[in-house]
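Novice: Let me begin by handing over the structure; questions about it come next.
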Amino acid sequence: KNYNFVKRIGYGATAEVYEIQHQKDKKLYICKKFPHGKHELSMREMYVIKRFDDPHLPKFKNYIHLNGISYLLMEYMPGTDLFDVFITERERTYNQEKELHDIAMGIFTCMKAYFRYNVQHLDIKLENLIYTKEKPTIRIVDFGSAHYTYDNNLHSLGCPVGTRGYVAPEIKNRIYHRNTDIWSFGVCLWLLHTGYNPFRQDSESYTSYEEPCSHHAENKSRPSEDFPNREDTRFLNSMSNGLCDLFLKIFVKNPKKRISLEELEKHEWMRSF
């Protein structure tokens, strides 16, 4: 009763996301509305973000469960998601590595922030990365798929999570690892740099109704996580040695052999520019 709904700004298989405004102080907030039957999911996400205290992560405001519907309120994050930025700029690609590096560091900063809380996001994609142009900043949202990981072991998932085309291969086997998000980070960079997603995109995703990047990549993906193929090699040959090496270390099927966050931070390309 204290808030007015301004507009719906997103939706998925588990919840709808709204921009709302407090009636008295007129402050804007983000409200994630979970329907009947999703109370446990809403509680899990609430407990995850309630621990966060970092400007690159969602900030918890309130949680309300009323008539079987759950509302998760968070502080408002101004900006546009990287998917919309990519589309509105005429499907541009960040083929200049310095510009791509700036975005990579922004995403990495978000990942490093939630890794400190022993969390894996498990749904990193351009739509969940909020970009503020005025003061270039990237922040990450939607921790509805998040799980904890405290060690270097493989952990079980109750069901696959994330978005097809972005998720690491182990997700399909209902397992995850502390290096799982690294794969999705690589997909975001590859897509921004080349203009296409190298991995399979089916007609529906695990937790989202929208097929990622369907506007510009529907015929430019392949049904496999094998990397690199002939098309990939063409792109790799046009990259600097550092960026090429980074992708080859990211797109490794075995998560235990994939580059870790600590190794990523020390990688020559990430430390360049």
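Chain lettering (A, B, ...) mirrors the order of the structure tokens, residue numbering begins at 1 for each chain separately, and ligand numbering begins at 1 in order of display.
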Which of segment 114-203 of chain A end up as alpha helix (DSSP H) when DSSP is run on this backbone - answer as number ranges by chain?

Specialist: A: 114-115, 169-172, 180-194

Novice: Need to verify the contact set: Ala146 of chain A, 6 Å, only C-alpha atoms, exclusion of same-chain residues closer than 3 positions in sequence. Can you return it as a list of chain:residue names?

Specialist: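 In the requested form, the answer reads A:Gln120, A:His121, A:Leu122, A:Phe143.
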
Novice: Just checking: using only C-alpha atoms, which residue out of A:Leu261, A:Met270, A:Val85, A:Met43 ends up closest to Lys112 of chain A?

Specialist: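 Ranking A:Leu261, A:Met270, A:Val85, A:Met43 by distance to Lys112 of chain A, first place goes to A:Leu261.
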
Novice: In Å to one decimal, how far is atom CA of Val252 of chain A from atom CA of Arg234 of chain A?

Specialist: 18.6 Å

Novice: Taking 2 positions as the minimum chain separation for residues in the same chain, which residues sit within 12 Å of His147 of chain A when counting only C-alpha atoms? Answer as a PyMOL selection string.

Specialist: chain A and resi 41+44-45+47-49+114-115+117-123+143-145+149-150+155-162+175-178+180-181

Novice: Could you jot down the atom CA of Asn254 of chain A to atom CA of Gly242 of chain A separation for me, Å, one decimal place?

Specialist: 21.5 Å

Novice: Looking only at strand (DSSP E) from DSSP on the backbone, list the matching residues of segment 68-179 of chain A as a list in words.

Specialist: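 Here is the list: Ile69, Ser70, Tyr71, Leu72, Leu73, Met74, Glu75, Thr80, Asp81, Val119, Gln120, Leu129, Ile130, Tyr131, Thr132, Thr137, Ile138, Arg139, Ile140, His147, Tyr148, His155, Ser156, Ile175 and Tyr176 of chain A.
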
Novice: If I take atom CA of His193 of chain A and atom CA of Thr233 of chain A, how far is one from the other in Å, to one decimal?

Specialist: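 Answer for the atom CA of His193 of chain A to atom CA of Thr233 of chain A separation: 13.9 Å.
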
Novice: Which neighbours of Pro78 of chain A fall inside 10 Å, counting only C-alpha atoms, when residues of the same chain fewer than 5 positions from it are skipped, and could you give them as a PDB file with N, CA, C and O atoms, in the first residue's frame?

Specialist:
```pdb
ATOM      1  N   LEU A  28      12.442   5.772  -6.066  1.00  0.00           N
ATOM      2  CA  LEU A  28      12.197   4.627  -6.932  1.00  0.00           C
ATOM      3  C   LEU A  28      12.883   3.380  -6.373  1.00  0.00           C
ATOM      4  O   LEU A  28      13.965   3.456  -5.786  1.00  0.00           O
ATOM      5  N   TYR A  29      12.237   2.233  -6.584  1.00  0.00           N
ATOM      6  CA  TYR A  29      12.793   0.956  -6.174  1.00  0.00           C
ATOM      7  C   TYR A  29      12.524  -0.078  -7.270  1.00  0.00           C
ATOM      8  O   TYR A  29      11.709   0.142  -8.165  1.00  0.00           O
ATOM      9  N   ILE A 130      23.761  -4.231 -15.982  1.00  0.00           N
ATOM     10  CA  ILE A 130      23.210  -2.879 -16.121  1.00  0.00           C
ATOM     11  C   ILE A 130      24.340  -1.882 -16.314  1.00  0.00           C
ATOM     12  O   ILE A 130      25.250  -1.784 -15.484  1.00  0.00           O
ATOM     13  N   TYR A 131      24.248  -1.130 -17.410  1.00  0.00           N
ATOM     14  CA  TYR A 131      25.308  -0.192 -17.787  1.00  0.00           C
ATOM     15  C   TYR A 131      24.821   1.241 -17.604  1.00  0.00           C
ATOM     16  O   TYR A 131      23.751   1.617 -18.087  1.00  0.00           O
ATOM     17  N   THR A 132      25.592   2.021 -16.894  1.00  0.00           N
ATOM     18  CA  THR A 132      25.307   3.449 -16.721  1.00  0.00           C
ATOM     19  C   THR A 132      26.315   4.233 -17.546  1.00  0.00           C
ATOM     20  O   THR A 132      27.521   4.165 -17.305  1.00  0.00           O
ATOM     21  N   LYS A 133      25.821   4.985 -18.532  1.00  0.00           N
ATOM     22  CA  LYS A 133      26.701   5.646 -19.484  1.00  0.00           C
ATOM     23  C   LYS A 133      27.310   6.926 -18.931  1.00  0.00           C
ATOM     24  O   LYS A 133      28.473   7.245 -19.195  1.00  0.00           O
ATOM     25  N   ARG A 139      26.772  -2.961 -13.315  1.00  0.00           N
ATOM     26  CA  ARG A 139      26.297  -3.652 -12.125  1.00  0.00           C
ATOM     27  C   ARG A 139      25.511  -4.877 -12.562  1.00  0.00           C
ATOM     28  O   ARG A 139      24.980  -4.917 -13.669  1.00  0.00           O
TER      29      ARG A 139
END
```

Novice: Neighbours of Met105 of chain A within 12 Å (only C-alpha atoms; same-chain residues fewer than 4 positions away dropped), as a list in words?

Specialist: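 Those residues are Glu97, Lys98, Glu99, Leu100, His101, Thr109, Cys110, Met111, Lys112, Pro136, Thr137, Ile138, Arg139, Phe185, Leu189, Leu264, Glu265, His267, Trp269, Met270, Arg271, Ser272 and Phe273 of chain A.
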
Novice: Just the residues within 7 Å of Phe60 of chain A, please, counting only C-alpha atoms, with nothing from its chain fewer than 4 positions along; format it as an MDAnalysis selection string.

Specialist: chainID A and resid 49:50 73:75

Novice: Let me make sure I understand: among A:Glu40, A:Pro35, A:Val141, A:Lys1, which one has the smallest atom-to-atom distance to Gln21 of chain A if we use only C-alpha atoms?

Specialist: A:Lys1

Novice: Taking into account only C-alpha atoms, which residue in the set A:Cys31, A:Arg8, A:Asp53, A:Leu82 is nearest to Ala104 of chain A?

Specialist: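 Selected residue with least distance to Ala104 of chain A: A:Leu82.
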